[in-house]
file work.cif (mmCIF, C-alpha atoms)
data_model
loop_
_atom_site.label_atom_id
_atom_site.label_comp_id
_atom_site.auth_asym_id
_atom_site.auth_seq_id
_atom_site.Cartn_x
_atom_site.Cartn_y
_atom_site.Cartn_z
CA MET V 24 -8.66 10.09 -12.29
CA ASP V 25 -12.29 11.06 -12.92
CA LEU V 26 -13.34 7.41 -13.17
CA HIS V 27 -11.81 6.68 -9.77
CA ILE V 28 -13.40 9.67 -8.02
CA TRP V 29 -16.84 10.41 -9.43
CA PRO V 30 -18.87 7.30 -10.31
CA ILE V 31 -19.46 6.02 -6.77
CA LEU V 32 -20.02 9.56 -5.42
CA PHE V 33 -22.55 10.12 -8.22
CA VAL V 34 -24.43 6.96 -7.25
CA ILE V 35 -24.32 7.87 -3.55
CA TYR V 36 -25.90 11.24 -4.19
CA VAL V 37 -28.50 9.75 -6.53
CA MET V 38 -29.56 7.49 -3.67
CA SER V 39 -29.40 10.36 -1.16
CA PHE V 40 -31.62 12.54 -3.29
CA LEU V 41 -33.94 9.68 -4.14
CA ASP V 42 -34.43 8.82 -0.47
CA ARG V 43 -34.98 12.47 0.37
CA ILE V 44 -37.71 13.11 -2.20
CA ASN V 45 -39.46 9.75 -2.44
CA ILE V 46 -41.99 11.10 0.05
CA SER V 47 -43.27 13.29 -2.80
CA ASN V 48 -43.90 10.26 -4.99
CA ALA V 49 -45.42 8.30 -2.09
CA ARG V 50 -47.78 11.21 -1.39
CA ILE V 51 -49.74 10.74 -4.60
CA GLN V 52 -49.74 6.95 -4.32
CA GLY V 53 -51.97 6.81 -1.22
CA MET V 54 -49.78 7.93 1.69
CA THR V 55 -51.89 11.06 2.18
CA GLU V 56 -55.01 9.03 2.90
CA ASP V 57 -53.28 6.34 5.01
CA LEU V 58 -51.41 8.75 7.30
CA ASP V 59 -53.92 11.61 7.20
CA LEU V 60 -51.46 14.08 5.63
CA TYR V 61 -54.07 16.75 4.98
CA GLY V 62 -53.70 20.49 5.57
CA ASN V 63 -50.09 21.44 6.31
CA ARG V 64 -49.05 18.03 7.67
CA PHE V 65 -47.15 17.07 4.53
CA ASN V 66 -45.32 20.43 4.62
CA ILE V 67 -44.30 19.80 8.23
CA ALA V 68 -42.97 16.36 7.34
CA LEU V 69 -40.81 18.03 4.67
CA PHE V 70 -39.80 20.88 6.98
CA VAL V 71 -38.56 18.79 9.91
CA TYR V 72 -35.96 17.06 7.72
CA PHE V 73 -34.05 20.33 7.33
CA ILE V 74 -33.59 21.09 11.04
CA PRO V 75 -30.77 18.57 11.62
CA TYR V 76 -29.74 18.78 7.96
CA ILE V 77 -28.78 22.43 8.42
CA LEU V 78 -27.44 22.30 11.98
CA LEU V 79 -25.13 19.31 11.51
CA GLU V 80 -23.36 20.15 8.24
CA VAL V 81 -20.51 22.20 9.71
CA PRO V 82 -19.84 19.77 12.62
CA SER V 83 -20.00 16.90 10.13
CA ASN V 84 -17.27 18.37 7.92
CA MET V 85 -15.07 18.96 10.98
CA VAL V 86 -15.32 15.24 11.73
CA PHE V 87 -14.91 14.34 8.05
CA THR V 88 -11.48 15.99 7.85
CA LYS V 89 -10.21 13.63 10.55
CA VAL V 90 -11.41 10.28 9.19
CA LYS V 91 -11.14 8.09 6.11
CA PRO V 92 -13.76 9.32 3.61
CA SER V 93 -14.92 5.83 2.62
CA TYR V 94 -15.71 4.85 6.22
CA TYR V 95 -17.55 8.06 7.00
CA LEU V 96 -19.71 8.32 3.89
CA SER V 97 -20.56 4.61 3.93
CA PHE V 98 -21.66 4.84 7.57
CA LEU V 99 -23.93 7.80 6.81
CA MET V 100 -25.40 6.02 3.81
CA LEU V 101 -26.18 2.77 5.62
CA SER V 102 -27.77 4.73 8.48
CA TRP V 103 -30.16 6.70 6.28
CA ALA V 104 -30.98 3.57 4.28
CA ILE V 105 -32.27 1.91 7.46
CA ILE V 106 -34.31 5.02 8.29
CA ASN V 107 -35.79 5.01 4.79
CA MET V 108 -36.84 1.37 5.05
CA CYS V 109 -38.49 2.11 8.40
CA MET V 110 -40.68 4.71 6.70
CA GLY V 111 -42.23 1.88 4.73
CA PHE V 112 -43.68 0.51 7.96
CA VAL V 113 -44.67 3.75 9.69
CA ALA V 114 -48.23 3.74 11.01
CA THR V 115 -48.81 7.34 12.12
CA TYR V 116 -48.11 10.87 10.99
CA GLU V 117 -46.07 11.48 14.15
CA GLY V 118 -43.87 8.48 13.38
CA LEU V 119 -43.25 9.81 9.86
CA VAL V 120 -42.11 13.17 11.26
CA VAL V 121 -39.65 11.50 13.65
CA LEU V 122 -38.18 9.37 10.87
CA ARG V 123 -37.84 12.38 8.56
CA PHE V 124 -35.89 14.13 11.33
CA PHE V 125 -33.42 11.24 11.57
CA LEU V 126 -33.17 11.03 7.78
CA GLY V 127 -31.99 14.65 7.77
CA THR V 128 -29.53 13.84 10.57
CA PHE V 129 -27.69 11.19 8.57
CA GLU V 130 -27.88 12.91 5.16
CA ALA V 131 -26.56 16.22 6.52
CA GLY V 132 -22.88 15.52 5.98
CA VAL V 133 -23.02 14.07 2.48
CA MET V 134 -23.01 17.09 0.15
CA PRO V 135 -20.43 19.27 2.00
CA ALA V 136 -18.15 16.25 2.39
CA ILE V 137 -18.28 15.40 -1.32
CA VAL V 138 -17.69 19.01 -2.39
CA TYR V 139 -14.73 19.31 -0.02
CA LEU V 140 -13.17 15.96 -0.95
CA THR V 141 -13.43 16.40 -4.71
CA SER V 142 -12.21 20.01 -4.66
CA MET V 143 -8.87 18.72 -3.33
CA TYR V 144 -8.19 16.92 -6.63
CA TYR V 145 -8.86 19.58 -9.27
CA LYS V 146 -7.73 22.98 -10.46
CA ARG V 147 -10.37 25.67 -10.14
CA HIS V 148 -11.46 25.81 -13.78
CA GLU V 149 -11.63 22.05 -14.05
CA PHE V 150 -14.12 21.79 -11.22
CA GLN V 151 -17.33 23.40 -12.50
CA THR V 152 -18.04 20.89 -15.27
CA ARG V 153 -17.40 18.02 -12.91
CA ILE V 154 -19.51 19.34 -10.04
CA SER V 155 -22.37 20.07 -12.45
CA PHE V 156 -22.10 16.57 -13.88
CA PHE V 157 -22.17 15.31 -10.31
CA PHE V 158 -25.19 17.50 -9.60
CA CYS V 159 -26.97 15.71 -12.44
CA SER V 160 -27.39 13.02 -9.81
CA THR V 161 -30.20 15.15 -8.39
CA VAL V 162 -32.15 15.28 -11.63
CA ILE V 163 -31.47 11.62 -12.34
CA GLY V 164 -32.66 10.88 -8.81
CA GLY V 165 -35.79 12.91 -9.50
CA ALA V 166 -36.44 11.28 -12.87
CA PHE V 167 -35.60 7.79 -11.69
CA GLY V 168 -37.70 8.37 -8.58
CA GLY V 169 -40.76 9.09 -10.70
CA LEU V 170 -40.11 6.12 -12.97
CA LEU V 171 -39.38 3.79 -10.05
CA ALA V 172 -42.44 4.96 -8.14
CA TYR V 173 -44.54 4.30 -11.23
CA ALA V 174 -43.20 0.73 -11.39
CA ILE V 175 -43.36 0.05 -7.66
CA ALA V 176 -46.97 1.23 -7.45
CA SER V 177 -47.92 -2.03 -9.17
CA LEU V 178 -46.95 -3.84 -5.95
CA ASP V 179 -49.89 -2.25 -4.17
CA GLY V 180 -51.40 -4.86 -1.86
CA ARG V 181 -48.47 -7.29 -2.09
CA ASN V 182 -47.90 -8.91 1.33
CA GLY V 183 -50.58 -6.63 2.71
CA LEU V 184 -48.56 -3.45 2.09
CA ALA V 185 -49.70 -0.40 0.13
CA GLY V 186 -47.77 0.62 -2.97
CA TRP V 187 -46.38 3.76 -1.34
CA ARG V 188 -44.83 1.66 1.45
CA TRP V 189 -42.99 -0.46 -1.09
CA ILE V 190 -41.40 2.75 -2.48
CA PHE V 191 -39.61 3.36 0.81
CA ILE V 192 -38.74 -0.29 1.44
CA ILE V 193 -37.29 -1.10 -1.98
CA GLU V 194 -35.36 2.16 -2.31
CA GLY V 195 -34.02 1.75 1.24
CA VAL V 196 -32.77 -1.76 0.48
CA ALA V 197 -31.08 -0.52 -2.70
CA THR V 198 -29.35 2.29 -0.74
CA ALA V 199 -28.09 -0.17 1.89
CA ALA V 200 -26.62 -2.38 -0.84
CA VAL V 201 -24.76 0.58 -2.38
CA ALA V 202 -23.49 1.61 1.08
CA LEU V 203 -21.90 -1.80 1.65
CA VAL V 204 -20.14 -1.69 -1.72
CA SER V 205 -19.09 1.98 -1.53
CA ILE V 206 -16.69 1.44 1.35
CA TYR V 207 -14.33 -0.19 -1.17
CA LEU V 208 -14.82 2.41 -3.92
CA ILE V 209 -14.76 5.89 -2.33
CA VAL V 210 -11.39 7.57 -2.80
CA ASP V 211 -9.19 8.69 0.09
CA TRP V 212 -7.58 12.11 0.53
CA PRO V 213 -5.12 12.87 -2.31
CA GLU V 214 -2.05 12.31 -0.16
CA HIS V 215 -3.30 8.84 0.88
CA CYS V 216 -5.14 7.64 -2.24
CA THR V 217 -4.11 4.31 -3.72
CA PHE V 218 -4.93 4.86 -7.40
CA LEU V 219 -2.12 7.40 -7.89
CA THR V 220 1.58 6.57 -7.82
CA ALA V 221 3.97 8.63 -5.71
CA ALA V 222 5.07 10.53 -8.82
CA GLU V 223 1.43 11.22 -9.79
CA LYS V 224 0.66 12.50 -6.30
CA GLN V 225 3.58 14.88 -6.54
CA LEU V 226 2.38 16.07 -9.96
CA LEU V 227 -1.12 16.62 -8.56
CA GLN V 228 0.26 18.72 -5.72
CA LEU V 229 2.32 20.75 -8.18
CA ARG V 230 -0.69 21.37 -10.46
CA LEU V 231 -2.81 22.59 -7.56
CA ALA V 232 0.02 24.73 -6.19
CA ARG V 233 0.29 26.54 -9.52
CA ASP V 234 -3.47 27.22 -9.60
CA GLY V 235 -4.58 30.38 -7.78
CA ALA V 236 -1.35 30.64 -5.76
CA GLY V 237 -2.21 27.36 -4.06
CA GLY V 238 1.41 26.87 -3.08
CA VAL V 239 1.39 29.88 -0.75
CA ALA V 240 -2.34 30.41 -0.15
CA ARG V 241 -2.60 27.65 2.45
CA MET V 242 -4.56 27.03 5.63
CA ASP V 243 -3.35 23.78 7.12
CA THR V 244 -3.61 24.77 10.80
CA LEU V 245 -6.92 25.36 12.57
CA ASN V 246 -6.19 28.00 15.19
CA ALA V 247 -7.70 31.30 16.37
CA TYR V 248 -6.25 33.14 13.37
CA ALA V 249 -7.75 30.59 10.96
CA TYR V 250 -11.18 30.88 12.61
CA ARG V 251 -11.05 34.67 12.13
CA ARG V 252 -10.09 34.28 8.48
CA ILE V 253 -12.91 31.77 7.89
CA LEU V 254 -15.80 33.21 9.87
CA GLY V 255 -14.90 36.81 9.05
CA ASP V 256 -14.71 36.25 5.30
CA TRP V 257 -17.63 38.00 3.64
CA LYS V 258 -17.26 35.79 0.54
CA VAL V 259 -18.28 32.68 2.49
CA TRP V 260 -21.51 34.29 3.66
CA ALA V 261 -22.28 35.89 0.30
CA GLY V 262 -21.71 32.53 -1.40
CA ALA V 263 -24.06 30.89 1.08
CA PHE V 264 -26.79 33.43 0.30
CA VAL V 265 -26.27 32.83 -3.42
CA TYR V 266 -26.79 29.10 -2.88
CA MET V 267 -29.80 29.68 -0.65
CA GLY V 268 -31.48 31.97 -3.17
CA VAL V 269 -30.91 29.96 -6.32
CA GLY V 270 -31.46 26.60 -4.61
CA ILE V 271 -35.15 27.04 -3.84
CA THR V 272 -36.34 26.02 -7.30
CA GLY V 273 -34.52 22.68 -7.19
CA TYR V 274 -36.18 21.80 -3.90
CA ALA V 275 -39.60 23.08 -4.93
CA THR V 276 -39.42 21.11 -8.18
CA THR V 277 -38.47 17.82 -6.58
CA PHE V 278 -40.89 18.15 -3.65
CA PHE V 279 -43.95 19.30 -5.54
CA MET V 280 -43.63 18.62 -9.27
CA PRO V 281 -45.61 15.33 -9.10
CA THR V 282 -48.37 17.14 -7.19
CA ILE V 283 -48.33 20.13 -9.56
CA LEU V 284 -48.49 17.91 -12.63
CA ARG V 285 -51.39 16.01 -11.15
CA GLU V 286 -53.18 19.35 -10.77
CA PHE V 287 -52.85 19.63 -14.57
CA GLY V 288 -55.37 16.79 -14.78
CA TRP V 289 -53.08 13.77 -15.18
CA THR V 290 -53.46 10.61 -13.12
CA ALA V 291 -50.86 9.82 -10.45
CA SER V 292 -49.01 7.41 -12.74
CA ALA V 293 -49.09 9.82 -15.70
CA ALA V 294 -47.81 12.64 -13.47
CA GLN V 295 -44.85 10.46 -12.40
CA VAL V 296 -43.97 9.69 -16.01
CA HIS V 297 -44.27 13.34 -17.10
CA THR V 298 -41.59 14.37 -14.58
CA ILE V 299 -38.95 12.36 -16.47
CA PRO V 300 -38.53 14.58 -19.59
CA VAL V 301 -38.31 17.66 -17.35
CA TYR V 302 -35.45 16.17 -15.38
CA ALA V 303 -33.70 14.95 -18.53
CA ALA V 304 -33.75 18.44 -20.04
CA SER V 305 -32.42 19.86 -16.77
CA ALA V 306 -29.46 17.46 -16.82
CA VAL V 307 -28.52 18.50 -20.36
CA GLY V 308 -28.82 22.17 -19.43
CA MET V 309 -26.66 21.79 -16.33
CA VAL V 310 -23.76 20.06 -18.03
CA SER V 311 -23.84 22.29 -21.14
CA VAL V 312 -23.75 25.51 -19.14
CA ALA V 313 -21.05 24.13 -16.82
CA TYR V 314 -18.85 23.30 -19.82
CA LEU V 315 -19.21 26.85 -21.14
CA SER V 316 -18.53 28.28 -17.69
CA ASP V 317 -15.24 26.38 -17.35
CA ARG V 318 -14.19 27.28 -20.89
CA LEU V 319 -14.86 30.97 -20.27
CA LYS V 320 -13.61 30.83 -16.64
CA HIS V 321 -16.68 32.76 -15.58
CA ARG V 322 -19.56 32.00 -13.18
CA TYR V 323 -21.65 35.09 -12.41
CA GLY V 324 -23.31 35.60 -15.79
CA PHE V 325 -24.51 32.00 -15.92
CA ILE V 326 -26.20 32.33 -12.54
CA VAL V 327 -28.10 35.36 -13.84
CA LEU V 328 -29.00 33.39 -16.98
CA GLY V 329 -30.40 30.45 -15.01
CA CYS V 330 -32.50 32.68 -12.77
CA SER V 331 -33.86 34.55 -15.79
CA ILE V 332 -34.94 31.30 -17.49
CA SER V 333 -36.72 30.12 -14.34
CA THR V 334 -38.45 33.46 -13.89
CA VAL V 335 -40.00 33.20 -17.36
CA GLY V 336 -41.27 29.73 -16.47
CA TYR V 337 -42.76 30.88 -13.17
CA ALA V 338 -44.50 33.77 -14.90
CA MET V 339 -46.11 31.31 -17.33
CA LEU V 340 -47.27 29.09 -14.46
CA LEU V 341 -48.88 32.07 -12.72
CA SER V 342 -50.82 32.93 -15.88
CA GLY V 343 -53.99 31.34 -17.19
CA LEU V 344 -52.28 29.40 -19.99
CA PRO V 345 -53.55 25.95 -21.09
CA ARG V 346 -52.08 22.74 -19.71
CA ASP V 347 -49.54 22.07 -22.48
CA ALA V 348 -48.09 25.56 -22.14
CA LYS V 349 -47.80 25.17 -18.39
CA TYR V 350 -46.08 21.84 -18.83
CA GLY V 351 -43.60 23.63 -21.10
CA ALA V 352 -43.14 26.20 -18.35
CA MET V 353 -42.08 23.41 -15.98
CA PHE V 354 -39.14 22.76 -18.32
CA LEU V 355 -38.03 26.40 -18.08
CA VAL V 356 -38.42 26.48 -14.29
CA SER V 357 -36.48 23.25 -13.83
CA VAL V 358 -33.69 23.88 -16.36
CA GLY V 359 -33.02 27.39 -15.04
CA GLY V 360 -33.32 26.28 -11.44
CA PHE V 361 -30.93 23.35 -11.76
CA ILE V 362 -28.27 25.31 -13.67
CA CYS V 363 -27.59 27.56 -10.70
CA PRO V 364 -26.92 25.47 -7.53
CA PRO V 365 -23.81 23.60 -8.79
CA MET V 366 -22.56 26.90 -10.22
CA ALA V 367 -22.89 28.49 -6.77
CA LEU V 368 -21.11 25.58 -5.07
CA ALA V 369 -18.20 25.55 -7.49
CA TRP V 370 -17.89 29.34 -7.50
CA LEU V 371 -17.31 29.58 -3.77
CA SER V 372 -15.01 26.55 -3.80
CA ASN V 373 -12.97 28.26 -6.54
CA ASN V 374 -12.50 31.32 -4.36
CA VAL V 375 -11.35 29.85 -1.06
CA ALA V 376 -7.95 28.28 -0.45
CA GLY V 377 -6.53 25.96 2.17
CA HIS V 378 -7.76 22.68 3.65
CA TRP V 379 -9.62 24.15 6.63
CA LYS V 380 -11.02 27.09 4.68
CA ARG V 381 -12.53 24.73 2.11
CA ALA V 382 -13.88 22.37 4.76
CA PHE V 383 -15.67 25.13 6.64
CA SER V 384 -16.79 27.18 3.64
CA SER V 385 -18.44 24.25 1.85
CA ALA V 386 -20.25 23.22 5.03
CA ILE V 387 -21.40 26.77 5.85
CA GLN V 388 -22.59 27.34 2.30
CA VAL V 389 -24.60 24.13 2.14
CA ALA V 390 -25.97 24.60 5.67
CA LEU V 391 -27.19 28.16 5.17
CA GLY V 392 -28.18 27.46 1.59
CA ASN V 393 -30.46 24.63 2.66
CA LEU V 394 -32.70 27.09 4.45
CA ALA V 395 -34.19 27.23 0.96
CA GLY V 396 -35.37 23.68 1.54
CA ILE V 397 -37.34 24.77 4.60
CA VAL V 398 -38.93 27.60 2.63
CA ALA V 399 -39.72 25.32 -0.33
CA ALA V 400 -41.33 22.83 2.04
CA VAL V 401 -43.93 25.29 3.30
CA ILE V 402 -44.75 27.68 0.44
CA PHE V 403 -46.87 25.32 -1.67
CA GLN V 404 -50.12 25.22 0.27
CA GLU V 405 -52.83 22.72 -0.58
CA ARG V 406 -55.53 25.40 -0.33
CA GLU V 407 -53.87 27.41 -3.14
CA ALA V 408 -53.95 24.61 -5.72
CA PRO V 409 -53.74 24.64 -8.67
CA ARG V 410 -52.16 28.11 -9.15
CA TYR V 411 -49.93 28.20 -6.02
CA PRO V 412 -49.30 31.98 -6.12
CA THR V 413 -47.41 31.97 -2.80
CA GLY V 414 -45.18 29.11 -3.93
CA TYR V 415 -44.29 30.53 -7.32
CA GLY V 416 -44.01 34.12 -6.10
CA THR V 417 -41.74 33.24 -3.20
CA ALA V 418 -39.52 31.14 -5.46
CA ILE V 419 -39.07 34.08 -7.84
CA ALA V 420 -38.20 36.40 -4.95
CA PHE V 421 -35.63 33.98 -3.53
CA MET V 422 -33.97 33.41 -6.89
CA TRP V 423 -33.43 37.13 -7.38
CA LEU V 424 -32.18 37.43 -3.81
CA GLY V 425 -29.58 34.91 -4.97
CA VAL V 426 -28.76 37.08 -7.98
CA LEU V 427 -28.35 40.10 -5.70
CA ALA V 428 -25.93 38.17 -3.48
CA ALA V 429 -24.08 36.95 -6.60
CA THR V 430 -23.76 40.55 -7.79
CA VAL V 431 -22.26 41.56 -4.44
CA LEU V 432 -19.85 38.63 -4.67
CA TYR V 433 -18.89 39.44 -8.25
CA VAL V 434 -18.29 43.15 -7.68
CA GLY V 435 -16.47 42.58 -4.40
CA MET V 436 -14.06 40.06 -5.88
CA LEU V 437 -13.52 42.17 -9.00
CA VAL V 438 -12.49 45.12 -6.83
CA GLU V 439 -10.31 42.89 -4.65
CA ASN V 440 -8.49 41.43 -7.66
CA ARG V 441 -7.71 44.93 -8.91
CA LYS V 442 -6.37 45.97 -5.52
CA ARG V 443 -4.14 42.91 -5.39
CA ASP V 444 -2.91 43.55 -8.94
CA ALA V 445 -2.00 47.07 -7.86
CA GLY V 446 -0.07 45.78 -4.83
CA LYS V 447 -2.48 47.32 -2.32
CA ARG V 448 -2.67 44.09 -0.29
CA ASP V 449 1.08 43.38 -0.17
CA GLY V 450 1.23 44.83 3.33
CA ARG V 451 -0.20 41.55 4.60
CA LEU V 452 3.17 39.95 3.86
CA SER V 453 4.72 41.88 6.76
CA ARG V 454 2.70 39.87 9.28
CA PRO V 455 4.26 37.04 11.33
CA LYS V 456 5.32 34.02 9.27
CA GLU V 457 2.84 31.69 10.99
CA GLU V 458 0.00 33.96 9.80
CA ILE V 459 1.37 34.31 6.25
CA ASP V 460 1.59 30.53 5.99
CA ASN V 461 -2.01 30.14 7.17
CA MET V 462 -3.80 32.95 5.28
CA GLY V 463 -5.57 30.87 2.68
CA ASP V 464 -7.12 33.08 -0.01
CA TYR V 465 -6.41 36.15 2.17
CA HIS V 466 -2.87 35.91 0.81
CA PRO V 467 -2.23 38.75 -1.68
CA ALA V 468 -0.95 36.30 -4.34
CA PHE V 469 -4.38 34.65 -4.66
CA ARG V 470 -6.73 35.79 -7.46
CA PHE V 471 -10.49 35.25 -7.51
CA THR V 472 -12.62 33.64 -10.22
CA LEU V 473 -15.48 35.83 -11.41
#

call {"tool": "encode", "arguments": {"input": "work.cif", "output": "structure tokens"}}
result
Amino acid sequence: MDLHIWPILFVIYVMSFLDRINISNARIQGMTEDLDLYGNRFNIALFVYFIPYILLEVPSNMVFTKVKPSYYLSFLMLSWAIINMCMGFVATYEGLVVLRFFLGTFEAGVMPAIVYLTSMYYKRHEFQTRISFFFCSTVIGGAFGGLLAYAIASLDGRNGLAGWRWIFIIEGVATAAVALVSIYLIVDWPEHCTFLTAAEKQLLQLRLARDGAGGVARMDTLNAYAYRRILGDWKVWAGAFVYMGVGITGYATTFFMPTILREFGWTASAAQVHTIPVYAASAVGMVSVAYLSDRLKHRYGFIVLGCSISTVGYAMLLSGLPRDAKYGAMFLVSVGGFICPPMALAWLSNNVAGHWKRAFSSAIQVALGNLAGIVAAVIFQEREAPRYPTGYGTAIAFMWLGVLAATVLYVGMLVENRKRDAGKRDGRLSRPKEEIDNMGDYHPAFRFTL
């Protein structure tokens, strides 16, 4: 089943992430001089992407639940591929900002849709390892982006185009090619998928029903009661704040690592190459921690661990250590920072039940969580190079805001599990049948993953 579901989604998100961050690689290959991206102009170009990216994630998942996943995701992918290619021909700073806005528009629905779709196939403690492996697409996108930018830079001057323009053009063409193929490879909803037999579909439904009271903790009808259960659920908002807090390092790393490494004294090409080992280590860390998390059926402690590792790295970067030590610190920052976001995504997905609850919760979490992208886009100011105290300090503060939200989530669900074990929530079963059948994880039979 994994081989039917994940490979194409992995490739899609590699391309999504690559097309989102290639502006960082283009920046040090001459785009700054050609488009006059001095002062805070580069930060604004990063910032504007997140306006539609945040606003459209919830509406996008509402549409996604009504359509065939392969059609929807392929359409989004082809659209942003065209936008990315257009950035290779942009002539002004203003044009770049407009194109970044539309890039955010079409990439907005990708992550919440993938989290929602894949969560419908797996039991709760099978999901963390898989979502972390999927999230390796971000570090592979970062590493491959640096390597690809290094190779593409050699095309500088070909057909009268600067090397940084070829980065956008070639990567956009590659994304468009994947989009055209993906329409045949993306899986459908479990009840309509073609790679499972009727007996296998029934077995899948039975497995999920036995996991976390999935058989009774349902939310298949979107009505006023369902909206109250979704929007009034404190877990959804706490989970979103966890993702927002711990997600800032991933964005800061991918947006600014090439620039930071160049401040260490390396050339542009050497800086691109030096990003690759950092991303490779982050991928190993993500998958290893995810495996342990699923084995132990525990999430909270690993989020604290990741934030602690990153904090040590940030402290080293803020000090006056020599270049090699600071490069080592980048490994700590990146490994710790990339451990946490997939953990936050899977943790909330583990603790909501029902089709509509999962659709809304994943979209709300990613939408609010991506405010971290806006913050990351503006905290690394050119005038503060090479130490970037505002950037590093703000990242530390946000990560521990995420830990605080995770602590609230952990304690709240621990208390709620104990109340349900003691029968203190059984009174909910006296409500009308249409409410009992649409409670989702509000149902007293559901138990939360800590």

call {"tool": "atom_distance", "arguments": {"input": "work.cif", "atom1": "CA of Gly351 in chain V", "atom2": "CA of Gly425 in chain V"}}
result
24.2 Å

call {"tool": "residues_around", "arguments": {"input": "work.cif", "residues": "Ala348 in chain V", "least_positions_apart": "6", "cutoff": "10 Å", "atoms": "all atoms listed in the file", "output": "VMD selection string"}}
result
chain V and resid 336 339 to 340

call {"tool": "closest_residue", "arguments": {"input": "work.cif", "among": "V:Ala376, V:Val434, V:Ile362, V:Ala338", "to": "Pro467 in chain V", "atoms": "only C-alpha atoms"}}
result
V:Ala376

call {"tool": "resolve_selection", "arguments": {"input": "work.cif", "expression": "the PyMOL selection byres ((chain V and resi 305-311) around 10)", "output": "MDAnalysis selection string"}}
result
chainID V and resid 151:163 299:304 312:316 329 354:366

call {"tool": "residues_around", "arguments": {"input": "work.cif", "residues": "Phe279 in chain V", "least_positions_apart": "2", "cutoff": "12 Å", "atoms": "all atoms listed in the file", "output": "ChimeraX atom specification"}}
result
/V:44-51,65-66,69,165,169,271-277,281-286,294-295,298,353,357,396,399-405,408-409,411,414-415

call {"tool": "closest_residue", "arguments": {"input": "work.cif", "among": "V:Gly111, V:Gly450, V:Pro345, V:Pro92", "to": "Ala185 in chain V", "atoms": "all atoms listed in the file"}}
result
V:Gly111

call {"tool": "closest_residue", "arguments": {"input": "work.cif", "among": "V:Ala249, V:Ile175, V:Leu184, V:Ala68", "to": "Arg123 in chain V", "atoms": "all atoms listed in the file"}}
result
V:Ala68

call {"tool": "closest_residue", "arguments": {"input": "work.cif", "among": "V:Ala104, V:Met143, V:Ala176, V:Val71", "to": "Lys224 in chain V", "atoms": "only C-alpha atoms"}}
result
V:Met143
